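What follows is the content of entry_2.tsv, which has TSV, C-alpha atoms and all ligand atoms:
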chain	number	residue	atom	x	y	z
A	1	MET	CA	4.64	19.12	-19.19
A	2	THR	CA	3.59	15.48	-18.97
A	3	GLN	CA	1.95	14.13	-22.09
A	4	ARG	CA	-0.83	11.60	-22.33
A	5	GLY	CA	0.54	8.08	-22.73
A	6	THR	CA	3.86	8.83	-21.01
A	7	THR	CA	5.65	5.59	-20.18
A	8	LEU	CA	7.59	4.95	-16.99
A	9	THR	CA	10.86	5.18	-18.95
A	10	GLN	CA	9.92	8.51	-20.54
A	11	TYR	CA	8.89	9.85	-17.14
A	12	ILE	CA	12.23	8.95	-15.52
A	13	ILE	CA	14.16	10.51	-18.41
A	14	GLU	CA	12.04	13.68	-18.24
A	15	GLN	CA	12.45	13.88	-14.44
A	16	GLY	CA	16.22	13.61	-14.94
A	17	ARG	CA	16.14	16.51	-17.42
A	18	LEU	CA	13.89	18.58	-15.15
A	19	HIS	CA	16.07	18.15	-12.08
A	20	ASN	CA	19.33	18.21	-13.93
A	21	THR	CA	20.48	14.77	-12.89
A	22	SER	CA	22.08	12.27	-15.19
A	23	ARG	CA	19.75	9.32	-15.19
A	24	GLY	CA	21.03	6.88	-17.82
A	25	ALA	CA	21.95	4.07	-15.45
A	26	PHE	CA	19.11	4.84	-13.15
A	27	THR	CA	16.55	4.67	-15.98
A	28	ALA	CA	17.91	1.27	-17.00
A	29	LEU	CA	17.72	0.05	-13.40
A	30	LEU	CA	14.09	1.11	-13.05
A	31	ASN	CA	13.34	-0.59	-16.37
A	32	ASP	CA	14.68	-3.84	-14.92
A	33	VAL	CA	12.53	-3.37	-11.81
A	34	ALA	CA	9.53	-2.74	-14.07
A	35	THR	CA	10.28	-5.87	-16.11
A	36	ALA	CA	10.41	-7.98	-12.94
A	37	CYS	CA	7.09	-6.48	-11.82
A	38	LYS	CA	5.51	-7.21	-15.22
A	39	ARG	CA	6.62	-10.85	-14.97
A	40	LEU	CA	5.15	-11.09	-11.46
A	41	SER	CA	1.97	-9.35	-12.53
A	42	ASN	CA	1.47	-12.07	-15.15
A	43	LEU	CA	2.02	-14.86	-12.65
A	44	VAL	CA	-0.37	-13.28	-10.13
A	45	ARG	CA	-2.97	-12.83	-12.87
A	46	LEU	CA	-2.74	-16.47	-13.94
A	47	GLY	CA	-2.89	-17.67	-10.32
A	48	GLU	CA	-3.69	-21.35	-10.06
A	49	LEU	CA	-3.36	-21.71	-13.87
A	50	ALA	CA	0.37	-21.03	-13.44
A	51	GLY	CA	0.57	-23.35	-10.42
A	52	VAL	CA	1.85	-20.56	-8.18
A	53	LEU	CA	-0.67	-20.73	-5.32
A	54	GLY	CA	-0.12	-22.45	-1.98
A	55	ALA	CA	2.65	-22.89	0.53
A	56	ALA	CA	6.31	-23.38	-0.33
A	57	GLY	CA	6.66	-25.75	2.65
A	58	GLN	CA	9.53	-23.82	4.21
A	59	GLU	CA	10.15	-20.78	6.43
A	60	ASN	CA	12.10	-17.62	5.69
A	61	VAL	CA	14.81	-16.22	7.97
A	62	GLN	CA	12.19	-14.47	10.06
A	63	GLY	CA	10.36	-17.72	10.85
A	64	GLU	CA	7.43	-16.90	8.55
A	65	ASP	CA	5.89	-19.63	6.38
A	66	GLN	CA	6.76	-18.87	2.78
A	67	LYS	CA	4.22	-19.08	0.00
A	68	LYS	CA	5.33	-20.51	-3.35
A	69	LEU	CA	4.96	-17.06	-4.82
A	70	ASP	CA	7.19	-15.47	-2.14
A	71	VAL	CA	10.01	-17.70	-3.35
A	72	ILE	CA	9.19	-17.29	-7.06
A	73	ALA	CA	8.93	-13.49	-6.72
A	74	ASN	CA	12.33	-13.36	-5.06
A	75	GLU	CA	13.86	-15.43	-7.89
A	76	VAL	CA	12.17	-13.39	-10.64
A	77	PHE	CA	13.59	-10.17	-9.18
A	78	ILE	CA	17.10	-11.51	-8.81
A	79	GLU	CA	17.08	-12.97	-12.34
A	80	SER	CA	15.84	-9.67	-13.76
A	81	LEU	CA	18.33	-7.49	-11.85
A	82	GLU	CA	21.59	-9.32	-11.24
A	83	ARG	CA	22.91	-8.99	-14.81
A	84	SER	CA	22.29	-5.28	-15.22
A	85	GLY	CA	25.73	-4.13	-14.08
A	86	LEU	CA	23.90	-1.41	-12.16
A	87	LEU	CA	23.52	-3.03	-8.76
A	88	ALA	CA	26.17	-3.71	-6.17
A	89	GLY	CA	23.92	-5.96	-4.09
A	90	ILE	CA	20.35	-7.00	-3.35
A	91	ALA	CA	18.67	-7.49	0.05
A	92	SER	CA	15.29	-9.15	0.40
A	93	GLU	CA	12.75	-10.12	3.02
A	94	GLU	CA	13.09	-13.69	1.80
A	95	MET	CA	16.90	-13.95	2.13
A	96	ASP	CA	18.91	-14.25	5.32
A	97	ALA	CA	21.84	-12.08	4.18
A	98	HIS	CA	22.17	-9.80	1.14
A	99	TYR	CA	22.70	-11.33	-2.31
A	100	PRO	CA	26.07	-10.32	-3.78
A	101	ILE	CA	26.15	-9.75	-7.54
A	102	PRO	CA	27.85	-12.84	-9.04
A	103	ALA	CA	31.42	-12.32	-10.26
A	104	ALA	CA	30.30	-13.10	-13.83
A	105	TYR	CA	28.49	-9.75	-14.00
A	106	PRO	CA	29.78	-6.21	-13.56
A	107	ARG	CA	29.08	-4.56	-10.24
A	108	GLY	CA	27.24	-1.23	-10.22
A	109	ASP	CA	26.80	1.41	-7.56
A	110	TYR	CA	23.20	1.04	-6.43
A	111	LEU	CA	21.79	-1.16	-3.66
A	112	LEU	CA	18.28	-2.58	-3.90
A	113	ALA	CA	16.26	-3.74	-0.87
A	114	PHE	CA	12.86	-5.28	-1.52
A	115	ASP	CA	9.85	-7.17	-0.28
A	116	PRO	CA	9.23	-9.52	-3.24
A	117	LEU	CA	5.60	-10.25	-2.42
A	118	ASP	CA	3.84	-8.17	0.17
A	119	GLY	CA	0.53	-9.42	1.58
A	120	SER	CA	1.35	-12.94	0.50
A	121	SER	CA	-1.43	-14.39	2.69
A	122	ASN	CA	-3.81	-12.78	0.16
A	123	ILE	CA	-2.46	-14.68	-2.82
A	124	ASP	CA	-4.53	-17.85	-2.39
A	125	VAL	CA	-7.78	-15.88	-2.07
A	126	ASN	CA	-7.13	-13.61	-5.06
A	127	GLY	CA	-6.66	-10.51	-2.88
A	128	ALA	CA	-4.35	-7.56	-3.40
A	129	THR	CA	-0.59	-8.16	-3.21
A	130	GLY	CA	2.43	-6.13	-4.22
A	131	THR	CA	6.19	-5.71	-4.44
A	132	ILE	CA	7.94	-2.94	-2.47
A	133	PHE	CA	11.43	-1.67	-3.32
A	134	SER	CA	14.00	0.82	-2.07
A	135	ILE	CA	17.14	2.01	-3.89
A	136	THR	CA	20.18	3.58	-2.22
A	137	HIS	CA	23.72	4.40	-3.35
A	138	HIS	CA	26.68	2.15	-2.70
A	139	ARG	CA	29.45	4.72	-2.44
A	140	ASP	CA	32.29	2.27	-1.91
A	141	ALA	CA	34.20	0.67	-4.79
A	142	SER	CA	34.45	-2.65	-2.96
A	143	ALA	CA	31.75	-5.34	-2.81
A	144	PRO	CA	29.05	-4.42	-0.29
A	145	GLY	CA	28.37	-6.21	2.98
A	146	ASP	CA	25.05	-6.31	4.86
A	147	ALA	CA	26.19	-3.19	6.75
A	148	ASP	CA	26.16	-1.10	3.53
A	149	PHE	CA	22.38	-1.55	3.33
A	150	LEU	CA	21.93	0.02	6.79
A	151	GLN	CA	21.17	3.54	5.56
A	152	ALA	CA	18.49	5.81	6.99
A	153	GLY	CA	15.36	6.18	4.86
A	154	ARG	CA	16.33	9.78	3.97
A	155	GLU	CA	19.24	8.34	1.96
A	156	GLN	CA	16.91	6.55	-0.48
A	157	VAL	CA	17.28	7.75	-4.07
A	158	CYS	CA	14.14	6.00	-5.20
A	159	ALA	CA	11.32	4.08	-3.56
A	160	GLY	CA	8.21	2.45	-4.91
A	161	TYR	CA	5.85	-0.42	-5.11
A	162	CYS	CA	3.94	-2.38	-7.70
A	163	LEU	CA	0.37	-3.26	-6.71
A	164	TYR	CA	-1.09	-6.46	-8.19
A	165	SER	CA	-4.86	-5.98	-8.01
A	166	SER	CA	-7.73	-5.31	-10.41
A	167	ALA	CA	-5.07	-3.39	-12.35
A	168	SER	CA	-1.32	-3.59	-11.78
A	169	MET	CA	0.15	-0.24	-10.83
A	170	MET	CA	3.68	1.00	-10.26
A	171	VAL	CA	3.94	3.96	-7.87
A	172	ILE	CA	7.35	5.60	-7.47
A	173	THR	CA	9.22	8.56	-6.08
A	174	THR	CA	12.71	9.77	-6.88
A	175	GLY	CA	12.44	12.58	-4.32
A	176	HIS	CA	10.40	14.92	-6.52
A	177	GLY	CA	6.81	13.92	-5.72
A	178	VAL	CA	4.98	10.68	-6.35
A	179	ALA	CA	3.75	9.33	-9.68
A	180	GLY	CA	1.56	6.32	-10.45
A	181	PHE	CA	1.61	4.20	-13.63
A	182	THR	CA	-0.94	1.62	-14.72
A	183	LEU	CA	0.21	-1.48	-16.60
A	184	ASP	CA	-1.29	-1.57	-20.07
A	185	ASN	CA	-1.09	-5.27	-20.84
A	186	SER	CA	-1.85	-4.71	-24.52
A	187	VAL	CA	1.49	-2.91	-25.00
A	188	GLY	CA	3.35	-4.26	-21.94
A	189	GLU	CA	4.13	-0.78	-20.59
A	190	PHE	CA	3.48	1.09	-17.37
A	191	ILE	CA	1.67	4.26	-18.48
A	192	LEU	CA	1.51	7.42	-16.34
A	193	THR	CA	-2.05	7.68	-15.03
A	194	HIS	CA	-1.59	9.39	-11.62
A	195	PRO	CA	0.96	12.22	-12.27
A	196	ASP	CA	1.25	13.96	-8.89
A	197	ILE	CA	-0.24	11.99	-6.04
A	198	LYS	CA	-1.01	13.99	-2.88
A	199	VAL	CA	-2.47	12.54	0.33
A	200	PRO	CA	-5.28	14.70	1.70
A	201	ARG	CA	-4.26	16.14	5.13
A	202	GLN	CA	-7.51	15.07	6.73
A	203	THR	CA	-9.43	11.85	6.48
A	204	THR	CA	-12.34	9.87	7.83
A	205	GLU	CA	-10.76	6.45	7.24
A	206	TYR	CA	-8.30	4.41	9.25
A	207	ALA	CA	-6.60	1.02	8.80
A	208	ILE	CA	-5.45	-1.25	11.61
A	209	ASN	CA	-5.88	-4.96	12.34
A	210	SER	CA	-8.45	-4.72	15.13
A	211	ALA	CA	-8.06	-8.40	16.02
A	212	TYR	CA	-5.11	-7.17	18.12
A	213	ALA	CA	-7.15	-4.46	19.90
A	214	ARG	CA	-6.66	-6.11	23.29
A	215	HIS	CA	-2.87	-5.84	22.84
A	216	TRP	CA	-2.77	-2.20	21.66
A	217	LEU	CA	-0.99	0.48	23.65
A	218	ALA	CA	-2.92	3.44	25.08
A	219	PRO	CA	-2.39	5.88	22.13
A	220	GLU	CA	-3.87	3.55	19.47
A	221	LYS	CA	-6.69	2.45	21.84
A	222	ARG	CA	-7.59	6.12	22.37
A	223	TYR	CA	-7.35	7.02	18.69
A	224	VAL	CA	-9.53	4.14	17.47
A	225	GLN	CA	-12.06	4.56	20.30
A	226	GLU	CA	-12.45	8.24	19.41
A	227	CYS	CA	-12.88	7.40	15.70
A	228	ASN	CA	-15.44	4.71	16.45
A	229	ALA	CA	-17.42	7.05	18.71
A	230	GLY	CA	-18.33	8.79	15.45
A	231	VAL	CA	-20.33	11.97	15.15
A	232	ASP	CA	-21.27	11.94	18.87
A	233	GLY	CA	-17.66	11.43	20.03
A	234	PRO	CA	-14.77	13.89	20.49
A	235	ARG	CA	-13.97	13.85	16.75
A	236	GLY	CA	-17.52	14.93	15.85
A	237	GLN	CA	-17.52	12.87	12.65
A	238	ASN	CA	-18.00	9.30	11.53
A	239	PHE	CA	-15.00	7.18	10.46
A	240	ASN	CA	-14.71	4.13	8.28
A	241	MET	CA	-12.22	1.25	8.64
A	242	ARG	CA	-10.44	-0.70	5.87
A	243	TRP	CA	-7.75	-3.39	6.22
A	244	ALA	CA	-6.41	-5.04	3.07
A	245	GLY	CA	-4.01	-7.49	4.76
A	246	SER	CA	-1.38	-6.12	2.41
A	247	MET	CA	0.55	-2.96	3.23
A	248	VAL	CA	0.75	-2.20	-0.50
A	249	GLY	CA	-3.04	-2.40	-0.82
A	250	ASP	CA	-3.61	-0.20	2.24
A	251	VAL	CA	-0.93	2.37	1.40
A	252	HIS	CA	-2.17	2.61	-2.18
A	253	ARG	CA	-5.71	3.32	-1.03
A	254	ILE	CA	-4.40	5.97	1.40
A	255	LEU	CA	-2.27	7.61	-1.31
A	256	CYS	CA	-5.37	7.77	-3.50
A	257	ARG	CA	-7.99	9.01	-1.04
A	258	GLY	CA	-6.36	9.64	2.34
A	259	GLY	CA	-6.42	7.72	5.60
A	260	VAL	CA	-4.04	6.49	8.22
A	261	PHE	CA	-2.33	3.08	8.27
A	262	MET	CA	-1.18	1.66	11.58
A	263	TYR	CA	0.85	-1.39	12.43
A	264	PRO	CA	1.95	-0.06	15.81
A	265	MET	CA	3.92	-1.53	18.64
A	266	ASP	CA	1.66	-3.63	20.89
A	267	ALA	CA	1.89	-5.82	24.00
A	268	ARG	CA	1.88	-9.02	21.90
A	269	LEU	CA	4.89	-7.91	19.83
A	270	LYS	CA	6.65	-6.72	22.99
A	271	ALA	CA	6.11	-10.10	24.66
A	272	ASP	CA	7.61	-11.77	21.55
A	273	GLY	CA	10.66	-9.50	21.82
A	274	LYS	CA	9.83	-7.79	18.50
A	275	ALA	CA	10.26	-4.08	17.87
A	276	GLY	CA	7.28	-4.06	15.47
A	277	LYS	CA	5.89	-6.27	12.70
A	278	LEU	CA	6.83	-4.46	9.54
A	279	ARG	CA	10.39	-4.33	8.30
A	280	LEU	CA	12.25	-1.02	8.16
A	281	LEU	CA	14.43	-1.42	5.08
A	282	TYR	CA	12.00	-2.88	2.57
A	283	GLU	CA	8.55	-1.94	3.92
A	284	ALA	CA	8.54	1.09	6.26
A	285	ASN	CA	11.30	3.13	4.58
A	286	PRO	CA	10.11	2.97	0.96
A	287	MET	CA	6.46	3.49	1.97
A	288	GLY	CA	7.59	6.27	4.33
A	289	MET	CA	9.39	8.09	1.52
A	290	LEU	CA	6.32	7.79	-0.73
A	291	MET	CA	4.07	9.14	2.05
A	292	GLU	CA	6.32	12.13	2.80
A	293	GLN	CA	6.74	12.89	-0.91
A	294	ALA	CA	2.95	12.82	-1.27
A	295	GLY	CA	2.58	15.34	1.57
A	296	GLY	CA	1.74	12.78	4.26
A	297	MET	CA	3.70	11.63	7.29
A	298	ALA	CA	5.37	8.38	8.36
A	299	HIS	CA	6.19	7.91	12.04
A	300	THR	CA	6.80	5.25	14.68
A	301	GLY	CA	4.96	7.26	17.34
A	302	THR	CA	8.21	8.67	18.69
A	303	GLN	CA	10.23	9.54	15.57
A	304	PRO	CA	9.87	9.94	11.82
A	305	ILE	CA	10.53	6.57	10.19
A	306	LEU	CA	12.97	8.05	7.66
A	307	ASP	CA	15.23	9.33	10.48
A	308	ILE	CA	15.92	5.89	11.96
A	309	GLN	CA	19.50	4.69	11.62
A	310	PRO	CA	19.03	0.96	10.89
A	311	ASP	CA	21.13	-1.58	12.77
A	312	ALA	CA	19.99	-4.83	11.12
A	313	LEU	CA	18.86	-5.94	7.67
A	314	HIS	CA	15.53	-7.37	8.86
A	315	GLN	CA	14.92	-4.77	11.58
A	316	ARG	CA	11.26	-4.24	12.47
A	317	VAL	CA	9.58	-0.96	13.38
A	318	PRO	CA	6.18	0.32	14.52
A	319	VAL	CA	4.43	2.08	11.62
A	320	ILE	CA	1.91	4.93	11.61
A	321	MET	CA	1.58	6.63	8.21
A	322	GLY	CA	-0.82	8.55	6.03
A	323	SER	CA	-2.72	11.84	6.21
A	324	ALA	CA	-0.59	14.39	8.08
A	325	ASP	CA	-3.26	15.63	10.52
A	326	GLU	CA	-4.10	12.11	11.68
A	327	VAL	CA	-0.46	11.01	12.05
A	328	GLU	CA	0.25	14.20	14.01
A	329	ARG	CA	-2.70	13.43	16.28
A	330	LEU	CA	-1.38	9.91	16.95
A	331	VAL	CA	2.10	11.26	17.65
A	332	GLN	CA	0.54	13.71	20.11
A	333	TYR	CA	-1.30	10.82	21.83
A	334	HIS	CA	2.02	8.96	22.11
A	335	ARG	CA	3.64	12.07	23.60
A	336	GLU	CA	0.84	12.48	26.13
A	337	ALA	CA	1.06	8.80	27.09
A	338	GLY	CA	4.81	9.21	27.62
A	339	ASN	CA	5.25	6.25	25.36
A	340	ASP	CA	8.82	5.38	24.50
A	341	THR	CA	8.07	2.90	21.66
B	401	LIG	P1	4.44	-9.93	3.98
B	401	LIG	O1	3.35	-10.66	3.25
B	401	LIG	O2	5.47	-9.33	3.07
B	401	LIG	O3	5.04	-10.73	5.11
B	401	LIG	O4	3.79	-8.61	4.65
B	401	LIG	C1	2.57	-8.71	5.32
B	401	LIG	C2	2.47	-7.51	6.20
B	401	LIG	C3	1.74	-6.32	5.58
B	401	LIG	O5	1.61	-6.34	4.22
B	401	LIG	C4	0.38	-6.33	6.23
B	401	LIG	O6	-0.04	-5.01	6.45
B	401	LIG	C5	0.61	-7.06	7.50
B	401	LIG	O7	1.74	-7.86	7.34
B	401	LIG	C6	-0.54	-7.91	7.91
B	401	LIG	O8	-0.24	-8.48	9.13
B	401	LIG	P2	-1.38	-9.17	10.02
B	401	LIG	O9	-1.69	-10.47	9.36
B	401	LIG	O10	-0.77	-9.30	11.38
B	401	LIG	O11	-2.58	-8.23	10.02
B	402	MN	MN	5.46	-7.23	3.33
B	403	MN	MN	6.71	-10.32	1.63
Show me this structure written as structure tokens.
Ligand code: AHG
Ligand code: MN
Ligand code: MN
Amino acid sequence: MTQRGTTLTQYIIEQGRLHNTSRGAFTALLNDVATACKRLSNLVRLGELAGVLGAAGQENVQGEDQKKLDVIANEVFIESLERSGLLAGIASEEMDAHYPIPAAYPRGDYLLAFDPLDGSSNIDVNGATGTIFSITHHRDASAPGDADFLQAGREQVCAGYCLYSSASMMVITTGHGVAGFTLDNSVGEFILTHPDIKVPRQTTEYAINSAYARHWLAPEKRYVQECNAGVDGPRGQNFNMRWAGSMVGDVHRILCRGGVFMYPMDARLKADGKAGKLRLLYEANPMGMLMEQAGGMAHTGTQPILDIQPDALHQRVPVIMGSADEVERLVQYHREAGNDT
């Protein structure tokens, strides 16, 4: 029975008791993640007052312009996590290869992959941003290599994100449902406010960047056309569209009130030789686990995201996730189109 005012730490301990798993190290690890998120939440809140807005003047390994806060967020996470003795290595969107735990600190048996600041183009305009993380086991006693991070999403022991918006919220799963915590700045704790998040099966809301409509493949064109035809179209109901420009913002909204989020394969990505836009290990997999745990679905159009065996640290994938009925419909449209992406 969850009590009012339950902190993130208490929740993890209680979940451990409930599911008969020893969670000492794991609780400490999540505390470190929470501390890093609290530090970032403060910086995001202060914005220009902390001098964190604007471009870093350099690109990351994927050729994307980094914002100052992308770089700062990466550093804050590493500083907060490298000394714990609980991690064997850290992989990040902002780093070419994984970050080995320095020899000065003990090496643990968890691996952390993360997107330090998701939706970073929103930061300068005070829009929603977030941090996404994924935790897997490192089962080998030796120091990990990049290849050790290449585990299918079903192997994740914990996944979550912290949303920096009107309130900062941590949303996590350890494989037993999804729980949301709101940061109470007056006590500096994430407090359980959304105990068992479930995505409604049906929805009247979708999210996709329609500026790429001319590049979409047939299944997404059909789906969006049918939604936009509204009450007079084949769906017989009106739909609404929302696009936050931050996967964390969009996924959070969908977890709260349903919807479907799409960043699918399109002709533009294909022409650029990209397999998608979003990254498997630190965007699609953790969000996919949250969606499935909340009763939703996460798919590429041809296979469940969590079933993909990764072959590269920064691998990209098409993403369709959210309310189960809508994802199933899109998968059906892909099947009918004979689409192999
Ligand atoms: P990031 O800021 O970590 O690079 O991620 C941005 C991602 C995702 O959050 C968002 O849904 C999407 O990119 C937006 O892409 P477009 O600008 O192409 O719409
Ligand atoms: Mn991102
Ligand atoms: Mn990012």
Enumerate, in order of chain and increasing residue number, the residues of stretch 208-249 of chain A with an atom no farther than 12 Å from stretch 309-324 of chain A, each with its shortest atom pair and distance in Å to one decimal, counting all atoms listed in the file, as a Markdown table.
| residue | atom | partner | partner_atom | distance |
| --- | --- | --- | --- | --- |
| A:Ile208 | CA | A:Ile320 | CA | 9.6 |
| A:Trp216 | CA | A:Pro318 | CA | 11.7 |
| A:Leu217 | CA | A:Pro318 | CA | 11.6 |
| A:Pro219 | CA | A:Ile320 | CA | 11.4 |
| A:Glu220 | CA | A:Ile320 | CA | 9.9 |
| A:Tyr223 | CA | A:Ile320 | CA | 11.8 |
| A:Met247 | CA | A:Val319 | CA | 10.5 |
Neighbourhood of ligand MN 402 (chain B) at 6 Å, counting all atoms listed in the file, reported as a PDB file with C-alpha atoms, keeping the file's coordinate frame:
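Saved file part_5.pdb follows:
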ATOM      1  CA  ASP A 115       9.850  -7.170  -0.280  1.00  0.00           C
ATOM      2  CA  ASP A 118       3.840  -8.170   0.170  1.00  0.00           C
ATOM      3  CA  GLY A 119       0.530  -9.420   1.580  1.00  0.00           C
TER       4      GLY A 119
END
### Query
Near A:Cys158, within 7 Å and counting only C-alpha atoms, which residues show up once chain neighbours fewer than 2 positions away are dropped, as a ChimeraX atom specification?
/A:134-135,156,160,173-175
Contacts of chain A with ligand MN 403 (chain B) up to 8 Å, shortest pair per row, only C-alpha atoms and all ligand atoms, as a Markdown table:
| residue | atom | partner | partner_atom | distance |
| --- | --- | --- | --- | --- |
| A:Asp70 | CA | B:MN403 | MN | 6.4 |
| A:Glu93 | CA | B:MN403 | MN | 6.2 |
| A:Glu94 | CA | B:MN403 | MN | 7.2 |
| A:Asp115 | CA | B:MN403 | MN | 4.8 |
| A:Pro116 | CA | B:MN403 | MN | 5.5 |
| A:Leu117 | CA | B:MN403 | MN | 4.2 |
| A:Asp118 | CA | B:MN403 | MN | 3.9 |
| A:Gly119 | CA | B:MN403 | MN | 6.2 |
| A:Ser120 | CA | B:MN403 | MN | 6.1 |
| A:Thr131 | CA | B:MN403 | MN | 7.6 |
### Task
Can you tell me which residues come within 10 Å of ligand LIG 401 (chain B) when counting all atoms listed in the file, ideally as a PyMOL selection string?
chain A and resi 60+62+64-67+70+93-94+114-123+128-132+207-212+243-251+261-263+277-279+282-283+319
### Query
Leaving out A:Asn185 and any residue of its chain fewer than 5 positions from it, which residues lie within 10 Å of it when counting all atoms listed in the file, given as a list of chain:residue names?
A:Lys38, A:Ser41, A:Asn42, A:Ala167, A:Ser168, A:Phe190
### Query
Quick one: of A:Val178, A:Pro106, A:Leu43, A:Pro100, who's nearest to A:Gly85, counting only C-alpha atoms?
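Comparing A:Val178, A:Pro106, A:Leu43, A:Pro100 against A:Gly85, the winner is A:Pro106.
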Can you build me a table of stretch 159-227 of chain A residues sitting at most 6 Å from stretch 290-305 of chain A, with the closest atom pair per residue and its distance in Å to one decimal, using all atoms listed in the file, sorted by chain and residue number, as JSON lines?
{"residue": "A:Gly177", "atom": "CA", "partner": "A:Gln293", "partner_atom": "CA", "distance": 4.9}
{"residue": "A:Val178", "atom": "CA", "partner": "A:Ala294", "partner_atom": "CA", "distance": 5.9}
{"residue": "A:Ile197", "atom": "CA", "partner": "A:Ala294", "partner_atom": "CA", "distance": 5.8}
{"residue": "A:Lys198", "atom": "CA", "partner": "A:Ala294", "partner_atom": "CA", "distance": 4.4}
{"residue": "A:Val199", "atom": "CA", "partner": "A:Ala294", "partner_atom": "CA", "distance": 5.7}
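Among the candidates A:Phe149, A:Tyr161, A:Tyr105, A:Phe239, the residue lying nearest to A:Leu86 is A:Tyr105 (atoms considered: all atoms listed in the file).
Using all atoms listed in the file, the smallest distance between any of A:Gln225, A:Thr204, A:Ser166, A:Asn238 and A:Gly259 comes from A:Thr204.
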### Query
Looking at only C-alpha atoms, which of A:Arg242, A:His215, A:Lys68, A:Arg107 is the one that sits closest to A:Leu87?
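Closest candidate: A:Arg107.
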